[in-house]
Amino acid sequence: MRPFTFNPGPRLLAGADQAASVAELLPEGPCLLVTDADLLRLGLVDAYRDAIGGTRALTIFDSVEADPSKETLLEAVEAGRACDAASVVAVGGGSPMDVAKLAAYLLGSGDNLDEIWGVGVAKGRRLPLALVPTTAGTGSEATPISVITCEGGVKLAVNSAPLIADWAVLDATLTLGLPAHVTAATGIDAIVHAVEAYTSARLKNPLSDALAREALRLLNGSLLTVIEQPQDLEARSAMLLGAHLAGLAFSNAPVAGVHALAYPLGGLHHLPHGLTNALMLRHVLAHNLEAARDHYAQLAEILVPDCAGQGSQARAALLIERLDQLARSSGLALRLRDHGVAFDEAPTLAREAMKQTRLLVNNPCEISESDAQRLYEAAW
Ligand SMILES: NC(=O)c1ccc[n+]([C@@H]2O[C@H](COP(=O)([O-])OP(=O)(O)OC[C@H]3O[C@@H](n4cnc5c(N)ncnc54)[C@H](O)[C@@H]3O)[C@@H](O)[C@H]2O)c1
Ligand SMILES: [Fe+2]
């Protein structure tokens with residue numbers, strides 16, 4: 001076996017009604033709760049607001065937008081400073097969780113944001129941190145990553161161990177009201193995390209493989225159920241656990257080409273992160289087919305159980321078909337033109353994608369700028 005290291009995730013609390021437990025775990029002193037305005041309006045934050053606010057001073061920062069900007073992050077840090085926060089909690093999707101993670105780090109360490117972008121650079125202390133996901137997608141509650149949209153729509157990430165939260169709560173009741181299009185896009189994001197972790201070129205290992213496989217089994221088995229029966233709590237729980245396991249997998253075996261080509265679409269067109277992955281998924285996987293054939297063939301056995309007798313080339317092709325069909329059946333429109341992207345933007349998008357070197361190095365094979373342009377054109 002090749003030597004490897006594996007970073008575990010946060011301590012996990014799974015099940016409904018965890019707000020009082022979170023309030024007990026947090027240290028004394030003021031708490032900054034990060035969320036978005038819709039979630040606050042929907043009442044999804046109420047239990048945490050009451051439990052935490054009942055025991056200490058609580059400041060709610062609810063100005064997080066989808067694909068949060070650097071300005072929003074710095075406003076959250078300012079809110080934390082103003083209330084002298086001793087801990088940070090997020091209730092929300094990847095956007096509030098990513099803001100909370102970096103805010104907790106910047107408040108605790110005093111580091112300068114522009115000096116900690118990239119992998120393994122942030123080494124300081126952060127404030128105690130609890131994350132409560134309300135989407136089953138990013139797995140951000142499990143990962144050491146925070147993604148922030150910076151100047152010119154470029155998405156930059158801080159990827160460092162101190163960003164791994166102290167506690168994560170998996171409460172699927174919070175996801176029961178997720179609209180179908182958010183369920184679909186975030187669910188595909190989680191599936192892409194599992195697939196890209198399983199084929200991650202440099203750091204995949206037996207533990208990340210096991211997590212990715214189990215994540216795919218759960219996600220593949222539940223995505224269409226939660227689209228058709230949004231109130232199915234068992235299926236919602238499987239989605240949330242699957243997204244979490246995929247997050248643990250790609251924390252250790254990082255994502256690659258699909259994400260690298262998805263990010264420019266999110267940054268320049270403000271399309272939801274999961275949707276941008278769905279748009280590029282089949283095209284990047286087809287590009288990777290030769291290099292990743294055996295791994296795709298192994299994953300096909302989870303997604304298309306009756307393919308076992310076929311050769312690896314046929315099984316790998318079936319995996320790509322099945323993933324595309326899953327994205328289509330979940331109701332997503334899968335051409336770039338369906339989302340306001342013009343055909344002649346392909347060169348610009350390709351140029352932007354080349355900036356995602358931290359992701360491209362994990363792809364099973366090279367994606368050059370001209371490959372990327374061709375893949376955007378194919379996705380149009
Ligand atoms: N840190 C990581 O490891 C990581 C991984 C992948 C993606 N990301 C980042 O995460 C962000 C995307 O996060 P996301 O896909 O979870 O979406 P999001 O947090 O942006 O939320 C999307 C929308 O769904 C709504 N919503 C969330 N939960 C809801 C619920 N339970 N009921 C009703 N509405 C709800 C929100 O109000 C928002 O309008 C992007 O910025 C992406 O780059 C981070
Ligand atoms: Fe993602």
# chains A, B, ... in the order shown; residues from 1 in each chain; ligands from 1
$ select_by_dssp --residues "range 154-266 of chain A" --states "alpha helix (DSSP H)" --output "VMD selection string"
chain A and resid 180 to 198 206 to 228 233 to 252 257 to 266
$ write_last_selection --atoms "C-alpha atoms" --output "short mmCIF file (atom, residue, chain, number, x, y, z; two decimals), in the first residue's frame"
data_model
loop_
_atom_site.label_atom_id
_atom_site.label_comp_id
_atom_site.auth_asym_id
_atom_site.auth_seq_id
_atom_site.Cartn_x
_atom_site.Cartn_y
_atom_site.Cartn_z
CA ALA A 180 -36.22 21.04 -6.14
CA HIS A 181 -33.66 22.99 -8.20
CA VAL A 182 -31.43 23.52 -5.14
CA THR A 183 -31.84 19.86 -4.13
CA ALA A 184 -30.79 18.79 -7.63
CA ALA A 185 -27.83 21.15 -8.04
CA THR A 186 -26.41 20.57 -4.55
CA GLY A 187 -26.95 16.80 -4.87
CA ILE A 188 -24.97 16.72 -8.13
CA ASP A 189 -22.22 18.77 -6.44
CA ALA A 190 -21.92 16.06 -3.78
CA ILE A 191 -21.86 13.33 -6.43
CA VAL A 192 -19.07 15.15 -8.30
CA HIS A 193 -17.10 15.42 -5.03
CA ALA A 194 -17.28 11.64 -4.64
CA VAL A 195 -16.35 10.89 -8.27
CA GLU A 196 -13.47 13.39 -8.36
CA ALA A 197 -12.14 12.18 -4.98
CA TYR A 198 -12.18 8.59 -6.24
CA PRO A 206 -7.91 3.59 0.72
CA LEU A 207 -9.89 5.67 3.24
CA SER A 208 -10.91 8.40 0.80
CA ASP A 209 -11.87 5.64 -1.66
CA ALA A 210 -14.10 3.91 0.89
CA LEU A 211 -15.78 7.20 1.78
CA ALA A 212 -16.29 8.16 -1.87
CA ARG A 213 -17.81 4.79 -2.73
CA GLU A 214 -20.24 4.86 0.19
CA ALA A 215 -21.11 8.49 -0.56
CA LEU A 216 -21.93 7.59 -4.16
CA ARG A 217 -24.05 4.64 -3.07
CA LEU A 218 -26.10 6.87 -0.76
CA LEU A 219 -26.40 9.80 -3.17
CA ASN A 220 -27.22 7.71 -6.23
CA GLY A 221 -29.84 5.80 -4.24
CA SER A 222 -31.60 8.91 -2.94
CA LEU A 223 -31.30 11.87 -5.32
CA LEU A 224 -34.33 11.11 -7.47
CA THR A 225 -36.36 10.13 -4.41
CA VAL A 226 -35.83 13.52 -2.74
CA ILE A 227 -36.72 15.28 -6.01
CA GLU A 228 -39.98 13.31 -6.30
CA LEU A 233 -36.80 12.07 5.70
CA GLU A 234 -34.89 8.79 5.21
CA ALA A 235 -33.86 9.82 1.71
CA ARG A 236 -33.01 13.36 2.88
CA SER A 237 -30.86 11.83 5.64
CA ALA A 238 -29.06 9.63 3.11
CA MET A 239 -28.36 12.70 0.95
CA LEU A 240 -26.98 14.68 3.90
CA LEU A 241 -24.79 11.80 5.07
CA GLY A 242 -23.66 11.11 1.49
CA ALA A 243 -22.68 14.76 1.01
CA HIS A 244 -20.78 14.70 4.32
CA LEU A 245 -18.88 11.51 3.43
CA ALA A 246 -18.04 12.95 0.02
CA GLY A 247 -16.76 16.05 1.83
CA LEU A 248 -14.49 13.90 4.01
CA ALA A 249 -13.29 12.06 0.89
CA PHE A 250 -12.38 15.16 -1.09
CA SER A 251 -10.83 16.86 1.94
CA ASN A 252 -8.15 14.20 1.57
CA GLY A 257 -11.19 19.10 -13.62
CA VAL A 258 -14.98 19.27 -13.29
CA HIS A 259 -14.64 21.84 -10.51
CA ALA A 260 -11.84 23.69 -12.33
CA LEU A 261 -14.07 24.22 -15.36
CA ALA A 262 -17.18 24.84 -13.26
CA TYR A 263 -15.71 27.72 -11.24
CA PRO A 264 -15.45 30.26 -14.10
CA LEU A 265 -19.14 29.70 -14.87
CA GLY A 266 -20.03 30.46 -11.25
#
$ residues_around --residues "Pro254 in chain A" --least-positions-apart "6" --cutoff "9 Å" --atoms "only C-alpha atoms" --output "ChimeraX atom specification"
/A:193,196-197,200-204,358-359,362
$ write_last_selection --atoms "C-alpha atoms" --output "PDB file, in the first residue's frame"
ATOM      1  CA  HIS A 193     -17.102  15.422  -5.033  1.00  0.00           C
ATOM      2  CA  GLU A 196     -13.474  13.392  -8.360  1.00  0.00           C
ATOM      3  CA  ALA A 197     -12.139  12.178  -4.976  1.00  0.00           C
ATOM      4  CA  SER A 200      -8.005  12.263  -7.634  1.00  0.00           C
ATOM      5  CA  ALA A 201      -4.570  11.903  -9.209  1.00  0.00           C
ATOM      6  CA  ARG A 202      -2.152  12.481  -6.343  1.00  0.00           C
ATOM      7  CA  LEU A 203      -3.708  11.941  -2.937  1.00  0.00           C
ATOM      8  CA  LYS A 204      -6.456   9.331  -3.233  1.00  0.00           C
ATOM      9  CA  ARG A 358      -4.773  23.763  -7.407  1.00  0.00           C
ATOM     10  CA  LEU A 359      -7.613  21.678  -8.930  1.00  0.00           C
ATOM     11  CA  ASN A 362      -5.578  16.538  -9.316  1.00  0.00           C
TER      12      ASN A 362
END
$ residues_around --residues "range 42-50 of chain A" --least-positions-apart "2" --cutoff "12 Å" --atoms "only C-alpha atoms" --output "VMD selection string"
chain A and resid 16 to 24 26 31 to 40 52 to 62 88 to 93 130 to 135 169 171 to 178
$ write_last_selection --atoms "N, CA and C atoms" --output "short mmCIF file (atom, residue, chain, number, x, y, z; two decimals), in the first residue's frame"
data_model
loop_
_atom_site.label_atom_id
_atom_site.label_comp_id
_atom_site.auth_asym_id
_atom_site.auth_seq_id
_atom_site.Cartn_x
_atom_site.Cartn_y
_atom_site.Cartn_z
N ALA A 16 -32.05 15.07 14.63
CA ALA A 16 -32.80 16.32 14.76
C ALA A 16 -32.57 16.97 16.13
N ASP A 17 -32.94 18.22 16.25
CA ASP A 17 -32.96 18.95 17.54
C ASP A 17 -31.61 18.99 18.25
N GLN A 18 -30.61 19.46 17.58
CA GLN A 18 -29.26 19.49 18.16
C GLN A 18 -28.88 20.88 18.69
N ALA A 19 -29.81 21.85 18.59
CA ALA A 19 -29.43 23.23 18.92
C ALA A 19 -28.95 23.36 20.37
N ALA A 20 -29.67 22.70 21.32
CA ALA A 20 -29.29 22.82 22.73
C ALA A 20 -27.91 22.19 22.96
N SER A 21 -27.64 21.08 22.28
CA SER A 21 -26.31 20.44 22.44
C SER A 21 -25.22 21.35 21.92
N VAL A 22 -25.47 22.01 20.79
CA VAL A 22 -24.46 22.92 20.24
C VAL A 22 -24.23 24.06 21.23
N ALA A 23 -25.31 24.62 21.78
CA ALA A 23 -25.17 25.73 22.74
C ALA A 23 -24.32 25.30 23.93
N GLU A 24 -24.49 24.04 24.36
CA GLU A 24 -23.71 23.54 25.50
C GLU A 24 -22.24 23.37 25.16
N LEU A 26 -20.45 25.07 22.97
CA LEU A 26 -19.72 26.31 22.68
C LEU A 26 -19.12 26.89 23.96
N CYS A 31 -21.34 34.99 20.75
CA CYS A 31 -21.26 34.09 19.59
C CYS A 31 -21.71 34.84 18.34
N LEU A 32 -21.01 34.60 17.23
CA LEU A 32 -21.41 35.15 15.93
C LEU A 32 -22.08 34.02 15.14
N LEU A 33 -23.36 34.21 14.76
CA LEU A 33 -24.07 33.19 13.98
C LEU A 33 -24.19 33.69 12.54
N VAL A 34 -23.65 32.91 11.61
CA VAL A 34 -23.62 33.31 10.19
C VAL A 34 -24.66 32.51 9.43
N THR A 35 -25.48 33.21 8.63
CA THR A 35 -26.54 32.54 7.88
C THR A 35 -26.88 33.40 6.66
N ASP A 36 -27.99 33.08 5.96
CA ASP A 36 -28.44 34.03 4.93
C ASP A 36 -29.86 34.46 5.21
N ALA A 37 -30.27 35.56 4.58
CA ALA A 37 -31.54 36.20 4.95
C ALA A 37 -32.73 35.29 4.67
N ASP A 38 -32.66 34.47 3.60
CA ASP A 38 -33.78 33.58 3.27
C ASP A 38 -33.97 32.53 4.37
N LEU A 39 -32.87 31.99 4.84
CA LEU A 39 -32.96 30.95 5.87
C LEU A 39 -33.52 31.51 7.17
N LEU A 40 -33.12 32.75 7.46
CA LEU A 40 -33.64 33.41 8.66
C LEU A 40 -35.15 33.59 8.52
N ILE A 52 -28.76 29.31 21.50
CA ILE A 52 -27.46 29.97 21.75
C ILE A 52 -27.71 31.34 22.38
N GLY A 53 -28.69 32.06 21.83
CA GLY A 53 -29.00 33.41 22.34
C GLY A 53 -29.55 33.37 23.76
N GLY A 54 -30.08 32.23 24.18
CA GLY A 54 -30.62 32.11 25.54
C GLY A 54 -29.53 31.97 26.58
N THR A 55 -28.31 31.68 26.14
CA THR A 55 -27.24 31.41 27.11
C THR A 55 -26.07 32.39 27.02
N ARG A 56 -26.06 33.25 26.02
CA ARG A 56 -24.96 34.22 25.86
C ARG A 56 -25.38 35.29 24.85
N ALA A 57 -24.56 36.31 24.71
CA ALA A 57 -24.85 37.34 23.72
C ALA A 57 -24.70 36.73 22.32
N LEU A 58 -25.65 37.03 21.44
CA LEU A 58 -25.62 36.44 20.10
C LEU A 58 -25.76 37.54 19.05
N THR A 59 -24.84 37.56 18.08
CA THR A 59 -24.97 38.47 16.94
C THR A 59 -25.23 37.63 15.70
N ILE A 60 -26.31 37.97 14.97
CA ILE A 60 -26.62 37.22 13.76
C ILE A 60 -26.14 38.03 12.55
N PHE A 61 -25.30 37.42 11.73
CA PHE A 61 -24.85 38.03 10.47
C PHE A 61 -25.56 37.27 9.35
N ASP A 62 -26.53 37.93 8.69
CA ASP A 62 -27.36 37.20 7.71
C ASP A 62 -27.20 37.76 6.30
N VAL A 88 -18.01 30.91 16.68
CA VAL A 88 -18.76 31.17 15.44
C VAL A 88 -19.58 29.92 15.11
N VAL A 89 -20.83 30.16 14.69
CA VAL A 89 -21.71 29.07 14.26
C VAL A 89 -22.26 29.45 12.89
N ALA A 90 -22.39 28.47 11.99
CA ALA A 90 -23.09 28.74 10.73
C ALA A 90 -24.28 27.82 10.64
N VAL A 91 -25.41 28.36 10.18
CA VAL A 91 -26.56 27.55 9.79
C VAL A 91 -26.84 27.94 8.35
N GLY A 92 -26.62 27.01 7.42
CA GLY A 92 -26.84 27.37 6.02
C GLY A 92 -26.16 26.41 5.07
N GLY A 93 -26.20 26.78 3.79
CA GLY A 93 -25.53 25.98 2.78
C GLY A 93 -24.03 26.29 2.77
N ALA A 130 -18.87 25.75 14.97
CA ALA A 130 -19.86 24.69 14.72
C ALA A 130 -20.57 24.98 13.40
N LEU A 131 -20.75 23.96 12.57
CA LEU A 131 -21.37 24.15 11.25
C LEU A 131 -22.61 23.26 11.11
N VAL A 132 -23.71 23.88 10.68
CA VAL A 132 -24.97 23.16 10.53
C VAL A 132 -25.44 23.31 9.09
N PRO A 133 -25.18 22.32 8.23
CA PRO A 133 -25.57 22.46 6.83
C PRO A 133 -27.09 22.37 6.63
N THR A 134 -27.60 23.21 5.72
CA THR A 134 -29.03 23.12 5.36
C THR A 134 -29.20 22.69 3.91
N THR A 135 -28.08 22.47 3.20
CA THR A 135 -28.13 21.83 1.88
C THR A 135 -27.35 20.52 1.99
N VAL A 169 -23.16 19.38 12.49
CA VAL A 169 -24.47 18.81 12.82
C VAL A 169 -25.13 18.34 11.53
N ASP A 171 -28.57 17.37 10.48
CA ASP A 171 -30.00 17.32 10.83
C ASP A 171 -30.80 17.44 9.54
N ALA A 172 -31.24 16.29 9.02
CA ALA A 172 -31.89 16.28 7.70
C ALA A 172 -33.23 17.00 7.71
N THR A 173 -33.84 17.21 8.88
CA THR A 173 -35.13 17.93 8.89
C THR A 173 -34.94 19.35 8.34
N LEU A 174 -33.72 19.89 8.49
CA LEU A 174 -33.47 21.26 7.98
C LEU A 174 -33.48 21.30 6.45
N THR A 175 -33.35 20.13 5.81
CA THR A 175 -33.28 20.12 4.34
C THR A 175 -34.62 19.75 3.69
N LEU A 176 -35.65 19.50 4.50
CA LEU A 176 -36.92 19.03 3.93
C LEU A 176 -37.56 20.06 2.99
N GLY A 177 -37.33 21.34 3.26
CA GLY A 177 -37.96 22.38 2.45
C GLY A 177 -37.08 22.88 1.31
N LEU A 178 -35.96 22.22 1.06
CA LEU A 178 -35.09 22.67 -0.04
C LEU A 178 -35.86 22.63 -1.35
#
$ residues_around --residues "range 100-116 of chain A" --least-positions-apart "5" --cutoff "10 Å" --atoms "only C-alpha atoms" --output "PyMOL selection string"
chain A and resi 32-35+61+64+70+73-81+84-92+94-95+121-131+140-141+143-148+157-160+162-165
$ closest_residue --among "A:Gly9, A:Gly118, A:Pro30, A:Gly274" --to "ligand 2" --atoms "only C-alpha atoms and all ligand atoms"
A:Gly274
$ closest_residue --among "A:Gln325, A:Ser312, A:Asn363, A:Asn277" --to "ligand 2" --atoms "only C-alpha atoms and all ligand atoms"
A:Asn277
